[in-house]
Amino acid sequence: MDAILAQVFTGISAGAVLLLIALGLTLTFGQMGVINMAHGEFIMAGAYTAFVVSTITAGTELSLLIALPVGFLIGGLLGLALEASVLRWMYARPLDTLLVTYGVGLVLQQVARDVFGAPAKEVPAPDWLDGSIPILGYDFPLTRLFIILLAAGCVAALLAVLRFTALGREIRATVGNRDLAETLGISTRRTDRATFFIGSGLAGVAGVALTLLGSTGPNLGTSYIVQAFLVVVVGGIGHLKGTIVAALGIGLLQAFLAHALTGSVAQVIVFLAIVAFLQLRPQGILSVRTRSLA
Amino acid sequence: MKTSKIKHSSPYAGWLLLAIALLVLAPAVLSDFRLGLLAKYCCYAIAAVGIGLAWGRGGMLVLGQGLYFGLGAYAMAMHLKLADAGPGGVPDFMALYGDAAVPWWWEPLRSGAVAVVVILVLPVIVAGLLGLAVFKRRIKGAYFAILSQALAAAFAILLIGQVKTTGGANGLNNFQGFFGYALFDPANKRMLYFVAAGILLVSILAMAWLHRSRFGELLVAVRDGEERVRFLGTDPANVKLAAYVVAAVLASVGGALFVPIAGIVSPDDVGVVASIGLLAGVALGGRASLLGPAVGALLVGYAETSLSEAFPGSWSYFQGALFVLVILLLPGGLAQLVGMAKRTVAHRERPALEEAAAR
């Protein structure tokens with residue numbers, strides 16, 4: 001029983017990390033069809049933001065809380081820069097955005113290597129996240145709990161923006177039907193930029209959160225990006241609910257498999273399970289009903 | 001096809017130039033060391049030729065060719081390891097890591113003939129099954145790209161995890177012989193270069209034939225209008241599957257040759273980064289052209305070596321910039337430039353408007 005409970009917690013917290021990363025991807029992938037491989041490097045930028053903030057504030061207890069909004073801003077600005085400089089010319093060729101953004105990611109990685117050095121940096125976790133609390137008889141690390149709450153908070157905030165604000169309405173309209181949205185007077189260019197800012201900002205937040213789990217290196221993003229894209233694909237493109245289910249499902253599956261087998265075999269089985277799953281539902285868990293042939 | 005005369009005569013002229021450069025010029029000019037490096041680029045170029053078919057002609061963004069490159073490479077490496085160990089012997093690294101027993105799935109590769117069959121047939125089986133599963137369910141575009149990338153990642157993770165039987169992150173290395181030829185002998189290394197260059201040239205010729213065939217026409221048709229092909233009564237899935245399998249076999253052959261030439265194969269040659277790296281040359285040369293992928297791969301290989309020698313750490317900037325600039329500004333690659341130059345010469349009075357090259 002304890003072992004099962006432990007795996008459930010591990011799975012949920014792994015799922016929460018995946019969710020944080022995949023949230024932004026779902027937005028940009030769903031709305032613009034852009035496959036942003038540089039999303040991983042935005043995560044890395046967020047993590048280095050946390051490092052810089054904690055260095056400047058000399059390890060104040062609040063540095064993590066300062067780093068979260070700053071990380072959002074940095075990630076978002078990087079996203080805006082990418083959109084304005086490169087991606088806006090490529091909306092007619094969505095598949096090609098994958099390689100272009102991969103190239104941008106390579107450059108960002110090397111910039112990080114040149115600025116911060118190749119060795120990984122440690123960001124000290126604040127004291128108030130030190131330790132664990134017992135839940136149902138299992139000691140749950142506070143850092144993990146914080147990440148789960150952060151992921152939940154980001155989802156809630158994003159849902160609220162999409163549901164209740166004018167911008168959210170415009171985003172939903174653009175996802176639904178870009179041409180129709182435009183005829184209704186929505187500036188889809190502006191909406192695209194806003195979406196990219198939010199999506200990339202969430203990557204920055206995820207990066208800040210990841211510093212709680214491990215060290216920060218130039219390759220931080222690459223280790224997560226492939227899995228994050230799988231989450232998006234399994235969840236169904238452009239569906240927040242599907243992404244949530246997929247992230248938690250993949251996290252849990254991996255936790256249990258890793259417990260029963262070894263970590264690497266678990267990861268391979270998860271990949272194969274996803275291929276098999278897409279056989280059943282090629283459009284993911286949730287999909288927009290469409291009559292389009294494409 | 002107004003420029004059909006130019007289009008049809010140029011591939012063979014270009015091929016002949018490449019053949020002379022690779023088979024006559026390079027061996028005469030380059031040192032043994034440089035020739036060995038060129039042999040390595042040829043292996044990448046063989047995989048690139050297949051990517052050109054699947055991606056350039058078929059529109060399938062094959063992000064996980066490292067999987068097939070790795071299948072061929074590891075099959076070859078396992079055979080070389082077993083051959084080095086002698087009949088009934090155990091490869092050195094296995095003795096080092098533990099059991100000192102050869103696992104059952106290694107045993108068949110003791111035979112060189114079996115190894116060759118595995119290198120050629122295993123990618124057909126894997127790509128065939130995967131392709132059937134994916135294309136029949138009409139999974140395409142970004143979904144396909146992400147899936148193929150994930151498989152390459154999974155393969156690399158699997159290899160790293162199974163240290164005792166695959167050498168783990170270090171991979172397999174330290175090969176003594178290649179089908180009876182000692183690998184430390186420079187003459188044999190030159191021979192390997194000619195084998196790699198020869199296979200590369202033959203595979204380009206095969207592509208020229210495929211491009212011109214009914215299948216080649218269908219493949220382009222599927223790329224540009226999959227639904228139209230379906231409505232015309234041909235199943236696009238079969239066409240894509242065939243191109244994907246051919247690309248997989250070429251990647252596997254490239255991987256198999258890579259092993260004796262480079263002297264090592266590790267999960268780094270298999271994973272996501274290596275797989276996307278294979279695309280760099282294809283994009284640079286011109287994904288849909290005949291010679292572009294191979295020439296691009298050779299150029300990128302050369303650039304990587306010389307830039308890494310001159311300015312360590314600069315390669316990432318260069319490769320990143322290459323992806324951004326080529327795909328953004330020159331989606332047809334260098335072949336597009338060549339085409340534009342030709343058209344300017346051919347119709348000096350009329351600027352080349354049509355045919356914005358391949359997508």
# chains A, B, ... in the order shown; residues from 1 in each chain; ligands from 1
>>> interface_residues(of="chain B", to="chain A", cutoff="6 Å", atoms="only C-alpha atoms", output="NGL selection string")
:B and (154 or 157-158 or 161 or 316-317 or 320 or 323-324)
>>> write_last_selection(atoms="all heavy atoms", output="compact mmCIF listing (two decimals), in the first residue's frame")
# COMPACT_ATOMS: atom_id res chain seq x y z
N ALA B 154 13.88 7.07 -27.40
CA ALA B 154 13.67 5.84 -26.63
C ALA B 154 14.78 4.83 -26.91
O ALA B 154 15.27 4.17 -26.00
CB ALA B 154 12.31 5.23 -27.00
N ILE B 157 17.87 5.83 -25.06
CA ILE B 157 17.72 5.56 -23.62
C ILE B 157 17.89 4.07 -23.34
O ILE B 157 18.55 3.67 -22.39
CB ILE B 157 16.34 6.05 -23.14
CG1 ILE B 157 16.27 7.57 -23.20
CG2 ILE B 157 16.05 5.56 -21.73
CD1 ILE B 157 14.87 8.11 -23.06
N LEU B 158 17.29 3.26 -24.20
CA LEU B 158 17.38 1.81 -24.03
C LEU B 158 18.84 1.36 -24.11
O LEU B 158 19.30 0.55 -23.29
CB LEU B 158 16.55 1.13 -25.12
CG LEU B 158 16.31 -0.37 -24.96
CD1 LEU B 158 15.46 -0.62 -23.73
CD2 LEU B 158 15.63 -0.93 -26.19
N GLY B 161 20.69 2.26 -21.03
CA GLY B 161 20.26 1.48 -19.86
C GLY B 161 20.84 0.07 -19.81
O GLY B 161 21.05 -0.49 -18.74
N SER B 316 27.91 24.86 -32.48
CA SER B 316 26.50 24.99 -32.14
C SER B 316 25.92 26.26 -32.74
O SER B 316 24.81 26.24 -33.29
CB SER B 316 26.31 25.04 -30.62
OG SER B 316 26.60 23.79 -30.07
N TYR B 317 26.67 27.37 -32.66
CA TYR B 317 26.19 28.60 -33.27
C TYR B 317 25.98 28.40 -34.77
O TYR B 317 24.97 28.79 -35.34
CB TYR B 317 27.20 29.74 -33.05
CG TYR B 317 27.24 30.28 -31.66
CD1 TYR B 317 28.42 30.33 -30.94
CD2 TYR B 317 26.08 30.77 -31.05
CE1 TYR B 317 28.46 30.84 -29.65
CE2 TYR B 317 26.10 31.27 -29.77
CZ TYR B 317 27.30 31.31 -29.08
OH TYR B 317 27.32 31.80 -27.81
N GLY B 320 23.08 26.05 -35.55
CA GLY B 320 21.83 26.74 -35.25
C GLY B 320 21.51 27.77 -36.32
O GLY B 320 20.40 27.81 -36.86
N PHE B 323 20.36 26.13 -39.60
CA PHE B 323 18.96 25.72 -39.61
C PHE B 323 18.05 26.93 -39.82
O PHE B 323 17.14 26.91 -40.64
CB PHE B 323 18.58 25.04 -38.29
CG PHE B 323 18.81 23.56 -38.31
CD1 PHE B 323 19.61 22.96 -37.36
CD2 PHE B 323 18.21 22.77 -39.26
CE1 PHE B 323 19.81 21.59 -37.36
CE2 PHE B 323 18.41 21.40 -39.27
CZ PHE B 323 19.22 20.82 -38.33
N VAL B 324 18.32 28.01 -39.08
CA VAL B 324 17.43 29.17 -39.15
C VAL B 324 17.50 29.80 -40.54
O VAL B 324 16.48 29.99 -41.21
CB VAL B 324 17.81 30.21 -38.08
CG1 VAL B 324 16.97 31.46 -38.26
CG2 VAL B 324 17.62 29.63 -36.69
>>> residues_around(residues="Tyr138 (chain A)", least_positions_apart="4", cutoff="12 Å", atoms="only C-alpha atoms", output="list in words")
Met1, Asp2, Ala3, Ile4, Leu5, Ala6, Gln7, Val8, Phe9, Thr10, Ser132, Ile133 and Pro134 of chain A
>>> write_last_selection(atoms="all heavy atoms", output="compact mmCIF listing (two decimals), in the first residue's frame")
# COMPACT_ATOMS: atom_id res chain seq x y z
N MET A 1 0.83 -1.20 0.00
CA MET A 1 0.00 0.00 0.00
C MET A 1 0.87 1.26 0.00
O MET A 1 0.68 2.16 -0.81
CB MET A 1 -0.91 -0.02 1.23
CG MET A 1 -1.91 1.13 1.27
SD MET A 1 -3.01 1.16 -0.17
CE MET A 1 -3.44 2.87 -0.25
N ASP A 2 1.85 1.26 0.91
CA ASP A 2 2.73 2.42 0.97
C ASP A 2 3.48 2.63 -0.33
O ASP A 2 3.63 3.75 -0.79
CB ASP A 2 3.76 2.24 2.12
CG ASP A 2 3.24 2.85 3.40
OD1 ASP A 2 2.06 3.26 3.40
OD2 ASP A 2 4.00 2.90 4.38
N ALA A 3 3.90 1.50 -0.93
CA ALA A 3 4.64 1.59 -2.18
C ALA A 3 3.76 2.19 -3.27
O ALA A 3 4.21 3.04 -4.04
CB ALA A 3 5.15 0.21 -2.59
N ILE A 4 2.51 1.75 -3.30
CA ILE A 4 1.59 2.26 -4.32
C ILE A 4 1.39 3.76 -4.13
O ILE A 4 1.47 4.54 -5.07
CB ILE A 4 0.25 1.51 -4.25
CG1 ILE A 4 0.46 0.05 -4.65
CG2 ILE A 4 -0.79 2.17 -5.16
CD1 ILE A 4 -0.78 -0.80 -4.54
N LEU A 5 1.17 4.13 -2.87
CA LEU A 5 0.94 5.54 -2.56
C LEU A 5 2.15 6.37 -2.98
O LEU A 5 2.02 7.45 -3.58
CB LEU A 5 0.71 5.68 -1.05
CG LEU A 5 -0.16 6.86 -0.62
CD1 LEU A 5 -1.53 6.78 -1.27
CD2 LEU A 5 -0.29 6.87 0.90
N ALA A 6 3.32 5.83 -2.67
CA ALA A 6 4.55 6.55 -3.02
C ALA A 6 4.63 6.76 -4.53
O ALA A 6 4.99 7.83 -4.99
CB ALA A 6 5.77 5.76 -2.53
N GLN A 7 4.28 5.72 -5.29
CA GLN A 7 4.35 5.84 -6.75
C GLN A 7 3.32 6.83 -7.27
O GLN A 7 3.57 7.54 -8.22
CB GLN A 7 4.16 4.48 -7.43
CG GLN A 7 5.27 3.49 -7.16
CD GLN A 7 6.64 4.11 -7.11
OE1 GLN A 7 7.01 4.85 -8.01
NE2 GLN A 7 7.39 3.84 -6.06
N VAL A 8 2.14 6.84 -6.62
CA VAL A 8 1.11 7.80 -7.04
C VAL A 8 1.63 9.22 -6.86
O VAL A 8 1.51 10.06 -7.75
CB VAL A 8 -0.20 7.58 -6.25
CG1 VAL A 8 -1.17 8.73 -6.52
CG2 VAL A 8 -0.84 6.26 -6.64
N PHE A 9 2.26 9.47 -5.70
CA PHE A 9 2.80 10.81 -5.46
C PHE A 9 3.89 11.14 -6.47
O PHE A 9 3.91 12.22 -7.05
CB PHE A 9 3.36 10.92 -4.04
CG PHE A 9 2.29 11.09 -3.01
CD1 PHE A 9 2.30 10.35 -1.85
CD2 PHE A 9 1.25 12.01 -3.21
CE1 PHE A 9 1.31 10.51 -0.90
CE2 PHE A 9 0.26 12.17 -2.27
CZ PHE A 9 0.28 11.42 -1.11
N THR A 10 4.81 10.19 -6.67
CA THR A 10 5.88 10.42 -7.63
C THR A 10 5.31 10.70 -9.00
O THR A 10 5.74 11.63 -9.71
CB THR A 10 6.80 9.19 -7.72
OG1 THR A 10 7.06 8.73 -6.41
CG2 THR A 10 8.10 9.53 -8.41
N SER A 132 9.64 17.71 4.62
CA SER A 132 8.51 17.03 4.01
C SER A 132 7.35 17.01 4.99
O SER A 132 7.54 17.20 6.19
CB SER A 132 8.89 15.60 3.64
OG SER A 132 9.40 14.94 4.78
N ILE A 133 6.16 16.82 4.46
CA ILE A 133 5.02 16.67 5.36
C ILE A 133 4.39 15.30 5.12
O ILE A 133 4.37 14.81 4.00
CB ILE A 133 3.96 17.78 5.14
CG1 ILE A 133 3.54 17.83 3.67
CG2 ILE A 133 4.45 19.11 5.64
CD1 ILE A 133 2.30 18.65 3.45
N PRO A 134 3.91 14.70 6.19
CA PRO A 134 3.28 13.39 6.03
C PRO A 134 1.86 13.52 5.47
O PRO A 134 1.06 14.29 6.00
CB PRO A 134 3.28 12.82 7.45
CG PRO A 134 3.36 14.00 8.35
CD PRO A 134 3.96 15.13 7.59
>>> closest_atom_pairs(of="region 40-142 of chain B", to="region 271-294 of chain B", cutoff="8 Å", atoms="only C-alpha atoms", output="tab-separated table")
residue	atom	partner	partner_atom	distance
B:Cys42	CA	B:Ala294	CA	7.9
B:Tyr44	CA	B:Leu278	CA	6.7
B:Ala45	CA	B:Ala294	CA	4.6
B:Ile46	CA	B:Ala294	CA	6.8
B:Ala47	CA	B:Leu278	CA	7.5
B:Ala48	CA	B:Pro293	CA	5.4
B:Val49	CA	B:Pro293	CA	5.5
B:Ile51	CA	B:Val282	CA	7.2
B:Gly52	CA	B:Arg287	CA	5.0
B:Leu53	CA	B:Ala288	CA	7.2
B:Trp55	CA	B:Arg287	CA	6.8
B:Gly56	CA	B:Ala288	CA	3.9
B:Arg57	CA	B:Ala288	CA	5.2
B:Leu63	CA	B:Ile276	CA	5.9
B:Gly64	CA	B:Ser275	CA	5.3
B:Gln65	CA	B:Ser275	CA	5.4
B:Gly66	CA	B:Ser275	CA	4.5
B:Leu67	CA	B:Gly271	CA	7.3
>>> write_last_selection(atoms="C-alpha atoms", output="CSV table (one decimal), in the first residue's frame")
chain,number,residue,atom,x,y,z
B,42,CYS,CA,29.9,9.7,-46.7
B,44,TYR,CA,26.1,10.5,-43.0
B,45,ALA,CA,25.5,11.3,-46.7
B,46,ILE,CA,24.1,7.8,-47.4
B,47,ALA,CA,21.5,8.4,-44.6
B,48,ALA,CA,20.9,11.9,-46.0
B,49,VAL,CA,20.1,10.5,-49.4
B,51,ILE,CA,16.1,11.5,-45.8
B,52,GLY,CA,16.0,13.4,-49.1
B,53,LEU,CA,13.5,10.9,-50.4
B,55,TRP,CA,11.4,14.4,-46.3
B,56,GLY,CA,12.2,16.3,-49.5
B,57,ARG,CA,10.2,14.2,-51.9
B,63,LEU,CA,13.2,13.3,-37.2
B,64,GLY,CA,14.3,9.9,-35.9
B,65,GLN,CA,16.6,8.5,-38.5
B,66,GLY,CA,19.1,8.0,-35.8
B,67,LEU,CA,17.0,4.9,-34.9
>>> residues_around(residues="region 140-156 of chain A", least_positions_apart="4", cutoff="8 Å", atoms="only C-alpha atoms", output="PyMOL selection string")
chain A and resi 9+12-13+16-17+19-20+23+129-135+160+202+209+212-213
>>> write_last_selection(atoms="N, CA, C and O atoms", output="mmCIF file, in the first residue's frame")
data_model
loop_
_atom_site.group_PDB
_atom_site.id
_atom_site.type_symbol
_atom_site.label_atom_id
_atom_site.label_comp_id
_atom_site.auth_asym_id
_atom_site.auth_seq_id
_atom_site.Cartn_x
_atom_site.Cartn_y
_atom_site.Cartn_z
ATOM 1 N N PHE A 9 2.257 9.466 -5.698
ATOM 2 C CA PHE A 9 2.800 10.808 -5.460
ATOM 3 C C PHE A 9 3.890 11.140 -6.465
ATOM 4 O O PHE A 9 3.908 12.224 -7.052
ATOM 5 N N ILE A 12 2.316 11.804 -9.819
ATOM 6 C CA ILE A 12 1.616 13.086 -9.928
ATOM 7 C C ILE A 12 2.613 14.233 -10.006
ATOM 8 O O ILE A 12 2.448 15.168 -10.793
ATOM 9 N N SER A 13 3.668 14.152 -9.217
ATOM 10 C CA SER A 13 4.617 15.272 -9.275
ATOM 11 C C SER A 13 5.381 15.275 -10.589
ATOM 12 O O SER A 13 5.653 16.344 -11.146
ATOM 13 N N ALA A 16 3.060 16.749 -12.956
ATOM 14 C CA ALA A 16 2.925 18.194 -12.773
ATOM 15 C C ALA A 16 4.044 18.928 -13.510
ATOM 16 O O ALA A 16 3.810 19.962 -14.130
ATOM 17 N N VAL A 17 5.258 18.362 -13.440
ATOM 18 C CA VAL A 17 6.376 18.968 -14.180
ATOM 19 C C VAL A 17 6.081 18.950 -15.673
ATOM 20 O O VAL A 17 6.209 19.960 -16.373
ATOM 21 N N LEU A 19 3.274 18.777 -17.085
ATOM 22 C CA LEU A 19 2.146 19.661 -17.368
ATOM 23 C C LEU A 19 2.606 21.107 -17.497
ATOM 24 O O LEU A 19 2.217 21.819 -18.419
ATOM 25 N N LEU A 20 3.455 21.516 -16.534
ATOM 26 C CA LEU A 20 3.969 22.888 -16.573
ATOM 27 C C LEU A 20 4.651 23.177 -17.907
ATOM 28 O O LEU A 20 4.501 24.247 -18.483
ATOM 29 N N LEU A 23 1.996 22.910 -21.004
ATOM 30 C CA LEU A 23 0.939 23.926 -21.079
ATOM 31 C C LEU A 23 1.235 24.955 -22.165
ATOM 32 O O LEU A 23 0.398 25.231 -23.029
ATOM 33 N N LEU A 129 10.891 25.356 1.976
ATOM 34 C CA LEU A 129 10.544 24.177 1.190
ATOM 35 C C LEU A 129 11.413 22.990 1.601
ATOM 36 O O LEU A 129 11.394 21.946 0.968
ATOM 37 N N ASP A 130 12.193 23.197 2.664
ATOM 38 C CA ASP A 130 13.069 22.131 3.137
ATOM 39 C C ASP A 130 12.250 21.165 3.990
ATOM 40 O O ASP A 130 11.537 21.589 4.883
ATOM 41 N N GLY A 131 12.368 19.916 3.714
ATOM 42 C CA GLY A 131 11.662 18.948 4.538
ATOM 43 C C GLY A 131 10.470 18.356 3.824
ATOM 44 O O GLY A 131 10.322 18.473 2.616
ATOM 45 N N SER A 132 9.639 17.710 4.615
ATOM 46 C CA SER A 132 8.509 17.025 4.013
ATOM 47 C C SER A 132 7.354 17.008 4.992
ATOM 48 O O SER A 132 7.545 17.204 6.193
ATOM 49 N N ILE A 133 6.159 16.818 4.463
ATOM 50 C CA ILE A 133 5.018 16.667 5.360
ATOM 51 C C ILE A 133 4.387 15.304 5.124
ATOM 52 O O ILE A 133 4.372 14.805 4.005
ATOM 53 N N PRO A 134 3.913 14.697 6.187
ATOM 54 C CA PRO A 134 3.279 13.388 6.029
ATOM 55 C C PRO A 134 1.862 13.520 5.472
ATOM 56 O O PRO A 134 1.061 14.287 6.000
ATOM 57 N N ILE A 135 1.612 12.833 4.364
ATOM 58 C CA ILE A 135 0.252 12.738 3.844
ATOM 59 C C ILE A 135 -0.088 11.259 3.767
ATOM 60 O O ILE A 135 0.624 10.496 3.117
ATOM 61 N N ALA A 160 -8.559 30.685 -16.449
ATOM 62 C CA ALA A 160 -9.288 31.919 -16.139
ATOM 63 C C ALA A 160 -9.079 32.954 -17.239
ATOM 64 O O ALA A 160 -10.036 33.601 -17.688
ATOM 65 N N LEU A 202 5.194 30.605 -19.639
ATOM 66 C CA LEU A 202 4.965 29.401 -18.833
ATOM 67 C C LEU A 202 6.189 28.497 -18.848
ATOM 68 O O LEU A 202 6.488 27.824 -17.858
ATOM 69 N N ALA A 209 10.774 26.367 -11.659
ATOM 70 C CA ALA A 209 10.343 25.256 -10.812
ATOM 71 C C ALA A 209 11.326 24.093 -10.877
ATOM 72 O O ALA A 209 11.587 23.425 -9.872
ATOM 73 N N LEU A 212 14.186 23.419 -8.439
ATOM 74 C CA LEU A 212 13.936 22.766 -7.145
ATOM 75 C C LEU A 212 14.257 21.279 -7.213
ATOM 76 O O LEU A 212 14.465 20.637 -6.185
ATOM 77 N N LEU A 213 14.249 20.725 -8.407
ATOM 78 C CA LEU A 213 14.395 19.276 -8.541
ATOM 79 C C LEU A 213 15.810 18.847 -8.884
ATOM 80 O O LEU A 213 16.196 17.711 -8.647
#
>>> atom_distance(atom1="CA of Ile199 (chain B)", atom2="CA of Lys342 (chain B)")
28.9 Å
>>> residues_around(residues="Gly24 (chain A)", least_positions_apart="2", cutoff="8 Å", atoms="only C-alpha atoms", output="JSON, numbers by chain")
{"A": [20, 21, 22, 26, 27, 28, 198, 199, 200, 201, 202, 203]}
>>> closest_residue(among="B:Lys140, B:His347, B:Lys81, B:Lys40", to="Thr165 (chain B)", atoms="only C-alpha atoms")
B:Lys81
>>> atom_distance(atom1="CA of Arg230 (chain B)", atom2="CA of Leu218 (chain B)")
10.8 Å
>>> closest_residue(among="B:Leu241, B:Leu23, B:Gly198, B:Trp106", to="Ala133 (chain B)", atoms="only C-alpha atoms")
B:Leu241
>>> residues_around(residues="Arg88 (chain A)", least_positions_apart="4", cutoff="12 Å", atoms="only C-alpha atoms", output="list in words")
Met32, Gly33, Val34, Gly79, Leu80, Ala81, Leu82, Glu83, Ala84, Ala92, Arg93, Pro94, Thr97, Val100, Thr188, Arg189, Arg190, Asp192, Arg193 and Phe196 of chain A; Leu328 of chain B
>>> select_by_dssp(residues="region 138-219 of chain B", states="strand (DSSP E)", output="list of chain:residue names")
B:Leu172, B:Asn173, B:Gly177, B:Phe178, B:Tyr181, B:Ala182
>>> write_last_selection(atoms="N, CA and C atoms", output="compact mmCIF listing (two decimals), in the first residue's frame")
# COMPACT_ATOMS: atom_id res chain seq x y z
N LEU B 172 29.98 0.84 -28.30
CA LEU B 172 30.90 -0.22 -28.67
C LEU B 172 32.05 0.41 -29.45
N ASN B 173 33.27 0.00 -29.10
CA ASN B 173 34.41 0.57 -29.81
C ASN B 173 35.57 -0.42 -29.80
N GLY B 177 39.17 -5.83 -36.57
CA GLY B 177 39.08 -6.23 -37.96
C GLY B 177 37.72 -5.98 -38.55
N PHE B 178 37.69 -6.02 -39.90
CA PHE B 178 36.45 -5.81 -40.62
C PHE B 178 36.36 -6.90 -41.69
N TYR B 181 39.71 -8.08 -42.63
CA TYR B 181 40.74 -7.08 -42.93
C TYR B 181 41.09 -6.33 -41.64
N ALA B 182 42.37 -6.20 -41.38
CA ALA B 182 42.78 -5.50 -40.16
C ALA B 182 42.49 -4.01 -40.31
